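**Student:** Pasting a structure here, questions to come.
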Amino acid sequence: MRAAKKSGLYSLWLFVGIAGLWMAVGNFSFYKALTDIYPPDSDNLLFLFSISFTFTALIAILLALVCFKPTTKPILITLLIISSLAAYFMDTYNVVIDASMIQNVFETNPQEAADLISPTLFLYVIFFGLAPAWGVARLNIRYQPLVRELAARVVFIVAALATSLALLFSQSATSASFFREHKSVRYYSNPGNYIFGLGKLARNAMRTLQSETPLTETGADAEIPETDVGRELVIVVVGETARADRFSLNGYARITNPLLQTQNVVSFTNVTSCGTLTAISVPCMFAAEKAGDFDVGEAKTTENALDVLKHARVQVLWRDNNSSSKGVADRVDYQDFRNPDNNPVCDIECRDVGMLAGLQDYVDAQEAGDIVIVLHQMGNHGPAYYKRYPKAFEKFTPACQTNELANCSLDEVNNAYDNAILYTDYFLNEVITFLKTNDDRFETAMLYISDHGESLGEAGLFLHGMPNFVAPDEQRKVPLILWAGRHYQDLGIANLRANRDQAITHDNIFHVILGLVEVGSEVYDPTLDFLRHTQEAH
């Protein structure tokens, strides 16, 4: 009797099918980015087909290289679910997925993650992730004997590469321009973007483990000069997702800073962030290295501005109402204000103003020496902007009341965002009020600067996280505000205000902090301390 013919799908056909599925339903953002540059007209159709074929072939080749009998289903099921998540965030917010964005995901706390959950997210996961994953789990995958299987895969890889190259070469002029001039489009390719990003993070992690780099000292010579007999009390407020052009202090038509405009503050208008993600920008602004030399991996094993202050025997406290200090405060006093155990001002979430609770007791307990306090805001963290402020601050209406920004008009999104800026205005005013009560005993000052900005629908972009080389100004131009008590008037407030449009970056912040506390050290560069440098120049 003839044996019954086995049913099922050969592995290579499965890989081609999965790759085709991803390109068909998981890459809307990729195709949009591609066709924005190369419209689908008669001149570009063959090129667009060659790119689509090539990316499909590369995915299938990758699967052929890593998926074998014991690993095929676990790998495919995992990638299908992750790819559905990646597709949702790219399609919904037009964000790109790279190593920095993935690192940011790993460092996102449960509260931030909850703000990203929506019914549409579940639909993406169910239809583009779980449904095909269920099909793979039930599928009978056929494999040939090992040698024949390996030979078939080699032939397949060679044929796929040869066909892709032939298609690209047939459109060589356009292809060369695409790969040379439009590298940013690759960050939209799903799943290649996050696979490449994960590989980069894994490589960096391996390098860190292998090197076992000890902590690198910075400014070990730091000291407070004997001539500085006054005690400094400086509060550095690290903002979150605030963009400079939404502050009425900087000319925004809406009055988003009604309280700060009554204070004697200087608001600088031309400030550029180190990056577009908290995990990059916060360590960068406290690092001695300039943005061009900054490496977030090396920053974890290198002392920063807070360490230099500690070397100078300055009392340093970090209070956090965000995800964390991103390693900056690992060696100083740290307090978490994301929960009601520490933060007395909590409703749907714990409010930034709660970080001032008990702060006077802390100051009074420091019997000698200078004090630097860092307050890390929740600020304007998106996409749930409506959660970032109490209802009493909902001045601009109607405000978007969901984290699914696509379900709101751009006006509603902007209203919610501006309301959160209005609450930051209130918070910063409360910080200044606190410092004023201590102005008789200390030389007091507040420095506020945001970590990065935010896209609010401009050019179809939302949120942040774009690579620096393609990031729009909305994601990199940030507010920077100085308030100085009466003992700091030697800074030349009038001159600073006259020079408020000077170009400033996160590179300056390390030196400005040291300058405010009058720390002497070889790592302090007065030419980068725009507070002193501008005053001396006049």
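Ordering of the structure tokens sets the chain letters (A, B, ...), residue numbers begin anew at 1 in every chain, and ligands are numbered from 1 in the order given.
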Quick one: residues within 6 Å of range 29-45 of chain A, only C-alpha atoms, excluding same-chain residues fewer than 5 positions away - as a list in words?
**Tutor:**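 After dropping sequence-adjacent residues, the list is Asp91, Tyr188 and Ser189 of chain A.
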**Student:** DSSP on the backbone: what in range 204-447 of chain A comes out strand (DSSP E), as an mmCIF file with N, CA and C atoms, in the first residue's frame?
**Tutor:**
data_model
loop_
_atom_site.group_PDB
_atom_site.id
_atom_site.type_symbol
_atom_site.label_atom_id
_atom_site.label_comp_id
_atom_site.auth_asym_id
_atom_site.auth_seq_id
_atom_site.Cartn_x
_atom_site.Cartn_y
_atom_site.Cartn_z
ATOM 1 N N GLU A 232 24.976 78.338 48.890
ATOM 2 C CA GLU A 232 24.088 78.289 47.730
ATOM 3 C C GLU A 232 22.982 77.263 47.944
ATOM 4 N N LEU A 233 21.796 77.607 47.495
ATOM 5 C CA LEU A 233 20.670 76.678 47.418
ATOM 6 C C LEU A 233 20.141 76.769 45.991
ATOM 7 N N VAL A 234 20.462 75.779 45.188
ATOM 8 C CA VAL A 234 20.111 75.782 43.764
ATOM 9 C C VAL A 234 19.180 74.609 43.485
ATOM 10 N N ILE A 235 18.083 74.896 42.825
ATOM 11 C CA ILE A 235 17.158 73.844 42.393
ATOM 12 C C ILE A 235 17.217 73.745 40.876
ATOM 13 N N VAL A 236 17.559 72.563 40.387
ATOM 14 C CA VAL A 236 17.560 72.279 38.950
ATOM 15 C C VAL A 236 16.304 71.471 38.647
ATOM 16 N N VAL A 237 15.440 72.005 37.825
ATOM 17 C CA VAL A 237 14.220 71.292 37.429
ATOM 18 C C VAL A 237 14.438 70.703 36.043
ATOM 19 N N VAL A 238 14.383 69.390 35.956
ATOM 20 C CA VAL A 238 14.504 68.700 34.669
ATOM 21 C C VAL A 238 13.095 68.474 34.131
ATOM 22 N N GLY A 239 12.749 69.206 33.082
ATOM 23 C CA GLY A 239 11.426 69.087 32.490
ATOM 24 C C GLY A 239 11.306 67.844 31.625
ATOM 25 N N VAL A 265 12.288 86.297 35.709
ATOM 26 C CA VAL A 265 12.973 85.160 35.110
ATOM 27 C C VAL A 265 13.573 85.566 33.769
ATOM 28 N N VAL A 266 14.536 84.756 33.337
ATOM 29 C CA VAL A 266 15.080 84.880 31.988
ATOM 30 C C VAL A 266 14.747 83.588 31.255
ATOM 31 N N SER A 267 14.049 83.698 30.148
ATOM 32 C CA SER A 267 13.699 82.528 29.350
ATOM 33 C C SER A 267 14.511 82.561 28.057
ATOM 34 N N PHE A 268 15.354 81.553 27.884
ATOM 35 C CA PHE A 268 16.225 81.486 26.713
ATOM 36 C C PHE A 268 15.474 80.798 25.567
ATOM 37 N N VAL A 271 17.497 76.988 22.441
ATOM 38 C CA VAL A 271 18.152 75.915 23.191
ATOM 39 C C VAL A 271 17.865 74.581 22.509
ATOM 40 N N THR A 272 18.914 73.807 22.270
ATOM 41 C CA THR A 272 18.790 72.531 21.558
ATOM 42 C C THR A 272 19.164 71.378 22.485
ATOM 43 N N GLN A 315 25.827 69.219 49.241
ATOM 44 C CA GLN A 315 24.728 68.297 49.521
ATOM 45 C C GLN A 315 23.850 68.201 48.277
ATOM 46 N N VAL A 316 23.649 66.983 47.762
ATOM 47 C CA VAL A 316 22.896 66.792 46.512
ATOM 48 C C VAL A 316 21.715 65.853 46.765
ATOM 49 N N LEU A 317 20.540 66.267 46.319
ATOM 50 C CA LEU A 317 19.326 65.456 46.439
ATOM 51 C C LEU A 317 18.614 65.420 45.095
ATOM 52 N N TRP A 318 18.208 64.220 44.671
ATOM 53 C CA TRP A 318 17.407 64.056 43.442
ATOM 54 C C TRP A 318 16.030 63.544 43.844
ATOM 55 N N ARG A 319 14.983 64.314 43.483
ATOM 56 C CA ARG A 319 13.610 63.864 43.675
ATOM 57 C C ARG A 319 12.997 63.603 42.300
ATOM 58 N N ASP A 320 12.370 62.450 42.154
ATOM 59 C CA ASP A 320 11.937 62.004 40.827
ATOM 60 C C ASP A 320 10.445 61.728 40.791
ATOM 61 N N ASP A 333 21.805 61.140 47.032
ATOM 62 C CA ASP A 333 20.521 60.858 47.684
ATOM 63 C C ASP A 333 19.396 60.931 46.655
ATOM 64 N N TYR A 334 18.543 59.907 46.650
ATOM 65 C CA TYR A 334 17.490 59.782 45.631
ATOM 66 C C TYR A 334 16.173 59.465 46.326
ATOM 67 N N GLN A 335 15.117 60.165 45.910
ATOM 68 C CA GLN A 335 13.786 59.932 46.472
ATOM 69 C C GLN A 335 12.775 59.810 45.340
ATOM 70 N N ASP A 336 11.958 58.758 45.413
ATOM 71 C CA ASP A 336 10.958 58.473 44.380
ATOM 72 C C ASP A 336 9.628 59.096 44.783
ATOM 73 N N ILE A 371 23.759 73.462 48.794
ATOM 74 C CA ILE A 371 22.737 72.446 48.535
ATOM 75 C C ILE A 371 22.282 72.561 47.078
ATOM 76 N N VAL A 372 22.263 71.437 46.379
ATOM 77 C CA VAL A 372 21.696 71.368 45.028
ATOM 78 C C VAL A 372 20.614 70.302 45.032
ATOM 79 N N ILE A 373 19.430 70.689 44.596
ATOM 80 C CA ILE A 373 18.285 69.777 44.544
ATOM 81 C C ILE A 373 17.827 69.663 43.095
ATOM 82 N N VAL A 374 17.671 68.450 42.618
ATOM 83 C CA VAL A 374 17.164 68.211 41.264
ATOM 84 C C VAL A 374 15.753 67.650 41.376
ATOM 85 N N LEU A 375 14.823 68.279 40.663
ATOM 86 C CA LEU A 375 13.434 67.827 40.616
ATOM 87 C C LEU A 375 13.130 67.380 39.191
ATOM 88 N N HIS A 376 12.860 66.095 39.013
ATOM 89 C CA HIS A 376 12.628 65.515 37.688
ATOM 90 C C HIS A 376 11.132 65.365 37.470
ATOM 91 N N GLU A 443 22.091 81.835 48.912
ATOM 92 C CA GLU A 443 22.106 82.378 47.563
ATOM 93 C C GLU A 443 21.266 81.410 46.718
ATOM 94 N N THR A 444 20.085 81.839 46.312
ATOM 95 C CA THR A 444 19.111 80.927 45.726
ATOM 96 C C THR A 444 18.983 81.129 44.217
ATOM 97 N N ALA A 445 18.752 80.035 43.518
ATOM 98 C CA ALA A 445 18.540 80.103 42.067
ATOM 99 C C ALA A 445 17.790 78.864 41.606
ATOM 100 N N MET A 446 17.020 79.017 40.527
ATOM 101 C CA MET A 446 16.347 77.885 39.875
ATOM 102 C C MET A 446 16.754 77.858 38.410
ATOM 103 N N LEU A 447 17.102 76.679 37.944
ATOM 104 C CA LEU A 447 17.389 76.463 36.528
ATOM 105 C C LEU A 447 16.455 75.372 36.039
#
**Student:** At a cut-off of 12 Å, can you tabulate as CSV every residue of range 88-182 of chain A near range 19-26 of chain A together with its closest atom pair and the distance in Å to one decimal, using only C-alpha atoms and ordering rows by chain then number?
**Tutor:**
residue,atom,partner,partner_atom,distance
A:Tyr88,CA,A:Gly26,CA,8.4
A:Phe89,CA,A:Gly26,CA,10.9
A:Met90,CA,A:Gly26,CA,9.5
A:Asp91,CA,A:Gly26,CA,9.0
A:Tyr124,CA,A:Gly26,CA,9.4
A:Val125,CA,A:Gly26,CA,10.9
A:Phe127,CA,A:Val25,CA,9.9
A:Phe128,CA,A:Val25,CA,7.4
A:Gly129,CA,A:Gly26,CA,9.7
A:Pro132,CA,A:Leu21,CA,9.2
A:Ala133,CA,A:Leu21,CA,11.8
**Student:** Can you tell me, as a ChimeraX atom specification, what residues are no more than 8 Å from Glu518 in chain A when counting only C-alpha atoms, ignoring any on the same chain fewer than 3 positions away?
**Tutor:** /A:224-225,228,514-515
**Student:** Identify which of the residues A:Val136, A:Ala416, A:Met466, A:Met355 lies closest to Asn403 in chain A, counting only C-alpha atoms when measuring atom-to-atom distances.
**Tutor:**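 Of the candidates, the smallest distance to Asn403 in chain A is held by A:Ala416.
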**Student:** So the first atom is CA of Asn380 in chain A and the second is CA of Val95 in chain A; what is the distance between them in Å, to one decimal place?
**Tutor:**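 Rounded to one decimal, the two atoms are 17.2 Å apart.
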**Student:** Considering only C-alpha atoms, give me a table of residues in range 276-324 of chain A that are at most 8 Å from range 212-222 of chain A, with the closest atom pair and distance in Å for each, as a tab-separated table.
**Tutor:**
residue	atom	partner	partner_atom	distance
A:Ala288	CA	A:Thr218	CA	7.9
A:Thr301	CA	A:Leu215	CA	4.7
A:Thr302	CA	A:Thr216	CA	4.6
A:Glu303	CA	A:Thr218	CA	5.3
A:Asn304	CA	A:Thr218	CA	6.6
A:Asp307	CA	A:Thr218	CA	7.4
A:Val308	CA	A:Gly219	CA	5.3
A:Leu309	CA	A:Ala222	CA	7.3
A:His311	CA	A:Ala222	CA	5.7
A:Ala312	CA	A:Ala222	CA	4.9
**Student:** Determine, counting only C-alpha atoms, which protein, DNA and RNA residues have an atom within 8 Å of an atom of Gln502 in chain A; residues of the same chain fewer than 3 positions away are not included. Present the result as a list in words.
**Tutor:**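 The neighbour list is Phe268, Thr269, Asn270 and Asn499 of chain A.
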**Student:** For the residues selected in the previous step, produce a file with C-alpha atoms as a short mmCIF file (atom, residue, chain, number, x, y, z; two decimals), in the first residue's frame.
**Tutor:**
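Output contents, as saved in again35.cif:
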data_model
loop_
_atom_site.label_atom_id
_atom_site.label_comp_id
_atom_site.auth_asym_id
_atom_site.auth_seq_id
_atom_site.Cartn_x
_atom_site.Cartn_y
_atom_site.Cartn_z
CA PHE A 268 16.23 81.49 26.71
CA THR A 269 14.73 80.94 23.27
CA ASN A 270 17.35 79.07 21.24
CA ASN A 499 21.12 87.77 25.04
#
